[in-house]
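Undergrad: This structure is in structure tokens; I'll ask about it shortly.
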Amino acid sequence: MELWRLPGHRLRELLGRGEVSALEIAQNHLERLEAKEPQISAFLHVNRDGALMQAGVIDDRIRQLRQAGEDVDAALPPLAGVPVAIKDNMCTEGVPTTAASKILRDYVPPYDATVVRRLREAGAVMMGKANCDEFAMGSSTENSGYFPTKNPWDPTRVPGGSSGGSAAAVAAGEAAASLGSDTGGSIRLPASLCGVVGVKPTYGRVSRYGLIAFGSSLDQIGPFTRDVEDAALMMNAISGHDPMDSTSADVPAPDFTEALSAGVSGLRIGVPREYFGPGTEPGVDKAVRDAIALLERLGARVGECSLPHTSYALDVYYIIAPAEASANLARYDGVRYGPRAAGAVTVGEMYARTRAAGFGPEVRRRIIIGTYVLSAGYYDAFYLKAQKVRTLVKRDFDKVFEEFDLLATPVSPTVAFPLGSKVADPLSMYLSDVCTIPINLAGVPAVSVPCGMVDGLPVGLQLIGRSLDEATLLRAAYTYEQYSGNGGQVAE
Amino acid sequence: MTAAINMTGETMNGGVGVAGGTAGRDGSTQYRADISLEVHVELKTRTKIFCDCPNSFGAPPNTNVCPVCLGLPGSLPVLNRAALEYAVRAALALNCTISPETVFARKNYFYPDLPKGYQISQSDKPVGTNGWVEIEGEGGANGSANGGAGAKKRIRIRRVHLEEDAGKSFHGAAAAAIGTATGAEDTSGDTASASGLPGSSGTSVPSPDAEADTGVAPAPEASPAGPGSDYSLLDFNRCGVPLIEIVSEIDLTSGEEARAYLQKLRTILSYTDVSDLKIEEGSLRCDANVSIRPVSSAELGVRSEVKNIGSFRGVKMALEYEIARQREVLESGKRPTLDTRRWDEKRARTTLLRSKEEANDYRYFPEPDLVPTYIDEAFVAEVRRGLPELPDAKLARLVAEDDLAPYNADVIASSPALAAFYEKGAAKVAQGATPAKVDAKRTFSNWVIGDFLSRLNAAGKSIEESPVTPEGLAGLVNLIGQGTISGKIAKDVFEEMFATGKAAEAIVKEKGLAQITDSGAIAAVVDQVIAANPGPVADFKAGKDRAIGFLVGQVMKLTKGQASPELVNKLLREKLV
Ligand SMILES: [Zn+2]
């Protein structure tokens, strides 16, 4: 049986009924992974032995439960046996974690990120660490310090970024689900370009403890899955307050699976005109508008709206995120871990050589930008002003959410672009995130859900919700998925 | 108070008379100094400021560490509420206004003992602002034993903020010493794995070429080629220990004032019990900013920042040196530069660490990993209620209610332990004293700051270790008050008490030291002395009043000092009339 074609909740169901073992699920996915990796390169580290061991432990547990005469399905945790991939910027105890940077080559964390611990507790089996842009800085996964990941639908094209490995692994059937992180679109863009579901939760909904920081006030962890039901299950596992993260919201997370099938009747969906700019490809525009039309037919009330400060979002983002990154990445100095450049006489020289050799060009560019905008004499003009404009961007959302329950937009103005086509032009690369960045600035949740193909390449619909209202988002995405028939697809 | 200073004709290294404005040569410029201090105080919370690691001094290197205080990738800080409470407590004791909303900021700089590459500190919205302390003004300092305290001078405190400490670097010989003791290569490897530093290339790094502007890091020793000269070792135990930084306004005008201010801070903070306040262990550290200008100038001069001041004496010496140095620069026609300098206490001089061109831009920005902290009024009120009586108030009360000399009250109030000793004992002397001896508490205070303190210091003991209890010392003072023993005998009794821990009454009884107050017994001796000394008796009768002193002495001699001198005097006069 090609178990790798099944979504997580189906695998969990089969396991609970005793129709497959966790080991079979893991082995089947490892076989698929080994067959696809030469083409896709989604993983930086395959956790083969660890995954098999985890699966074995689950099977032992099932045997014990059975012997004790207990209800196996009821006793197993919600993601038992589900193979997952973890973006390489999340710490995994005893398993290499590099954030796709050479400066963390061979780094093995002594602790698990909170999300990783929660997934383990939910029974998920960790297949390995997924490739990404170095320190999550990029939109194509071509900035990985090791190798680029390819789009499973067309290996000459990018999977999007920065969580490209996490998206590609799920799209290619190498894992049923994965975790990514989203600072300016890094979950939604690759989800859209790889034809899978991607959720960027509300800032604070999911703990960042153990996530290697890029832009601390923007970073948020979320899941990739092949359908919305899996997304809800993953959200259930990772959401909720964490005393180790001061910015995590101290509110209980609901059961996201409960409201999924309540439909969209009466939901007010706003369509912000600023998100359908002249750069939007006609095929993308049509797929997204068709999706909105379907939601309307299903009972949603659709109306046009405006987020007037959208055009400033990209500029604001490229001040705030690099500023925070410039401090977050200062610790990679060759003193305590990671490779240290040889031959330096002074400690200053050692820093400079280590960092020049360890960081790739995009990371260096952002550290330089970030250092500049925080410098004496420039702070007020750049950083402080950007924070003020960020408040205006956020207010745009507060305002439209008085009138609408959700917003619907494209995720990306284009489908997946060819590898190498934008590497030489950082600005055109930055424009890939024009529809996703404002959401991070506002801290609100959003989801990318597949809404059709253009010339064999996936298009994503972005639904944006109110702060902490992922439940409504997922309900609308689920309804759309059910009626569009776009859920659950795997790239052959 | 005068702020003018003039050091014309004084040498650089001589005991420069800074304060008080010594008169200069005709035509020379009079200068004044403008000084502010930045004082770092380690808070003695049970755990560190942003993680659960123990906050303790002296643990083996790199054992009190975790992913958070090591700044490992992905770790996040969580504020220890106790550290905030301690900071509020200290800020209130220093008369600060507490910010209703306080915000942490990242202070960015590279240094090997700063594992995140930034220090979590505060910039805008510190915990406390606009505080003050009072010191003795010029001329009044501690010379108030004769009554009238000197004029008070108020030193304003700009801010009190909370931050994390950095680790400790061991350079040159110090690194080599650690290396030799345990094997240099092994040490770095072991500490790395023990502290959960994976993939580590060890904790040894090339020696820094210049001291970072940490305000906290010990400066590297000059390192001649040899073991330890090409690497440094790091201990991260201190990393994440909570600190408050107390920044004064530029209100100080001399090294002596700076010393007095620092001493006063220490005294006040010792009452709040938030820190060990040990300069030698680094739990109290001080940097100074100083500039000088002609007294006629309204504009501040170009300042230098002096780091590595390791003692109270050092503050005064470093500033006096620096003032003299700046003056020499000005008088040679040059302009002083905005320097950071290091105080070398052994050689009694400051040396240049770096000039303005190399100055750090710390690129402060709000710490996104910590949310703003709201300090509500109820919390502030609760912390305020928990504060003990502070030294200024205590001094005033001891003068007003116990009628102590201001000098005595000042010495007693300057230490919470001494004050507690005094107050316990004073309660007992009041009970035992007869109405005729109203100044029992005064006498007791003299004993406390006199014989008691000097004996304790000579024995190298703290007040808590004293073999003589407050009640015991009160018992001794009561014996004097009741006329049972003389003040002179009391000194011997005290020695015995200190050596044996016995009560004064027991010693007096055991050794038969009680004064002879029986007039009959003394009268017999008086008669004997009058008979044996016709010459002095004749002198006295002839009007030489001084001659009675000799006769008193003879009686005292025959009674082995146990007769009451007053009674002897009285009886002699009666019999010689
Ligand atoms: Zn710690």
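FYI, nothing fancy with the structure tokens labels: chains A, B, ... in order, residues from 1 per chain, ligands from 1 as they appear.
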Would you mind listing, for every residue of chain A within 7 Å of chain B, the two atoms forming the shortest contact and the distance between them in Å to one decimal, using only C-alpha atoms, sorted by chain and ascending residue number, as CSV?
TA:
```
residue,atom,partner,partner_atom,distance
A:Cys91,CA,B:Gly74,CA,6.9
A:Asp106,CA,B:Gly199,CA,6.2
A:Tyr107,CA,B:Gly199,CA,5.2
A:Val108,CA,B:Pro198,CA,5.6
A:Pro109,CA,B:Pro198,CA,6.3
A:Pro110,CA,B:Gly196,CA,6.0
A:Tyr209,CA,B:Ser75,CA,5.7
A:Gly210,CA,B:Gly74,CA,3.9
A:Leu211,CA,B:Gly74,CA,4.5
A:Ile212,CA,B:Gly74,CA,4.0
A:Ala213,CA,B:Gly74,CA,6.0
A:Ser216,CA,B:Pro368,CA,5.9
A:Ser217,CA,B:Pro368,CA,5.5
A:Met244,CA,B:Val78,CA,6.4
A:Asp245,CA,B:Leu76,CA,6.2
A:Ser246,CA,B:Leu370,CA,5.7
A:Thr247,CA,B:Val371,CA,6.3
A:Ala327,CA,B:Asn108,CA,6.8
A:Ala330,CA,B:Gly117,CA,4.8
A:Arg331,CA,B:Lys116,CA,4.4
A:Val335,CA,B:Val205,CA,6.2
A:Arg336,CA,B:Ser200,CA,5.7
A:Tyr337,CA,B:Ser200,CA,4.3
A:Gly338,CA,B:Gly199,CA,6.4
A:Val345,CA,B:Pro206,CA,6.9
A:Thr346,CA,B:Asp209,CA,5.7
A:Val347,CA,B:Pro208,CA,5.0
A:Leu374,CA,B:Arg363,CA,5.2
A:Ser375,CA,B:Arg363,CA,5.4
A:Ala376,CA,B:Asp361,CA,6.5
```
Undergrad: Would you please give, as a ChimeraX atom specification, all residues of segment 354-449 of chain B that DSSP assigns to helix (DSSP H, G or I) based on the backbone?
TA: /B:356-358,377-386,391-401,406-413,416-432,440-449
Undergrad: My list of candidates is B:Cys239, B:Ala33, B:Val383, B:Cys69. Which is closest to ligand 1 when distances are computed with only C-alpha atoms and all ligand atoms?
TA: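 Closest residue, counting only C-alpha atoms and all ligand atoms: B:Cys69.
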Undergrad: Given only C-alpha atoms as the basis, pick out the residue of B:Lys511, B:Lys488, B:Val526, B:Gln482 nearest to Gly561 of chain B.
TA: B:Lys488
Undergrad: So, with only C-alpha atoms as the atoms that count, which of A:Glu229, A:Glu121, A:Asp49, A:Glu31 lies closest to Ala177 of chain A?
TA: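 Checking each of A:Glu229, A:Glu121, A:Asp49, A:Glu31 against Ala177 of chain A, counting only C-alpha atoms, the winner is A:Glu229.
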Undergrad: Please provide the set of residues having any atom within 10 Å of Phe417 of chain A, restricted to only C-alpha atoms, with same-chain residues fewer than 2 positions apart removed, written as a list in words.
TA: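 After dropping sequence-adjacent residues, the list is Ser140, Asn151, Asp154, Thr156, Arg157, Val158, Pro159, Gly160, Leu193, Thr414, Val415, Leu419, Gly420, Ser421, Lys422 and Leu457 of chain A.
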Undergrad: Ranking A:Gly460, A:Gly123, A:Gly16, A:Gly94 by minimum distance to Gly56 of chain A and counting only C-alpha atoms, which one comes first?
TA: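 Comparing A:Gly460, A:Gly123, A:Gly16, A:Gly94 against Gly56 of chain A, the winner is A:Gly123.
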Undergrad: Write out as a PyMOL selection string which residues come within 9 Å of segment 446-458 of chain B when counting only C-alpha atoms, dropping same-chain ones fewer than 6 positions away.
TA: chain B and resi 408+411-412+418+421-422+465-466+468+470+473+477+491+494-495+498
Undergrad: So which residues touch Arg12 of chain A within 10 Å, counting only C-alpha atoms, skipping near sequence neighbours fewer than 3 positions away, as a PyMOL selection string?
TA: chain A and resi 6-9+15-18+20-22+25+73+76-82+123-124
Undergrad: Just the residues within 9 Å of Ala75 of chain A, please, counting only C-alpha atoms, with nothing from its chain fewer than 3 positions along; format it as a PyMOL selection string.
TA: chain A and resi 16+62+65+70-72
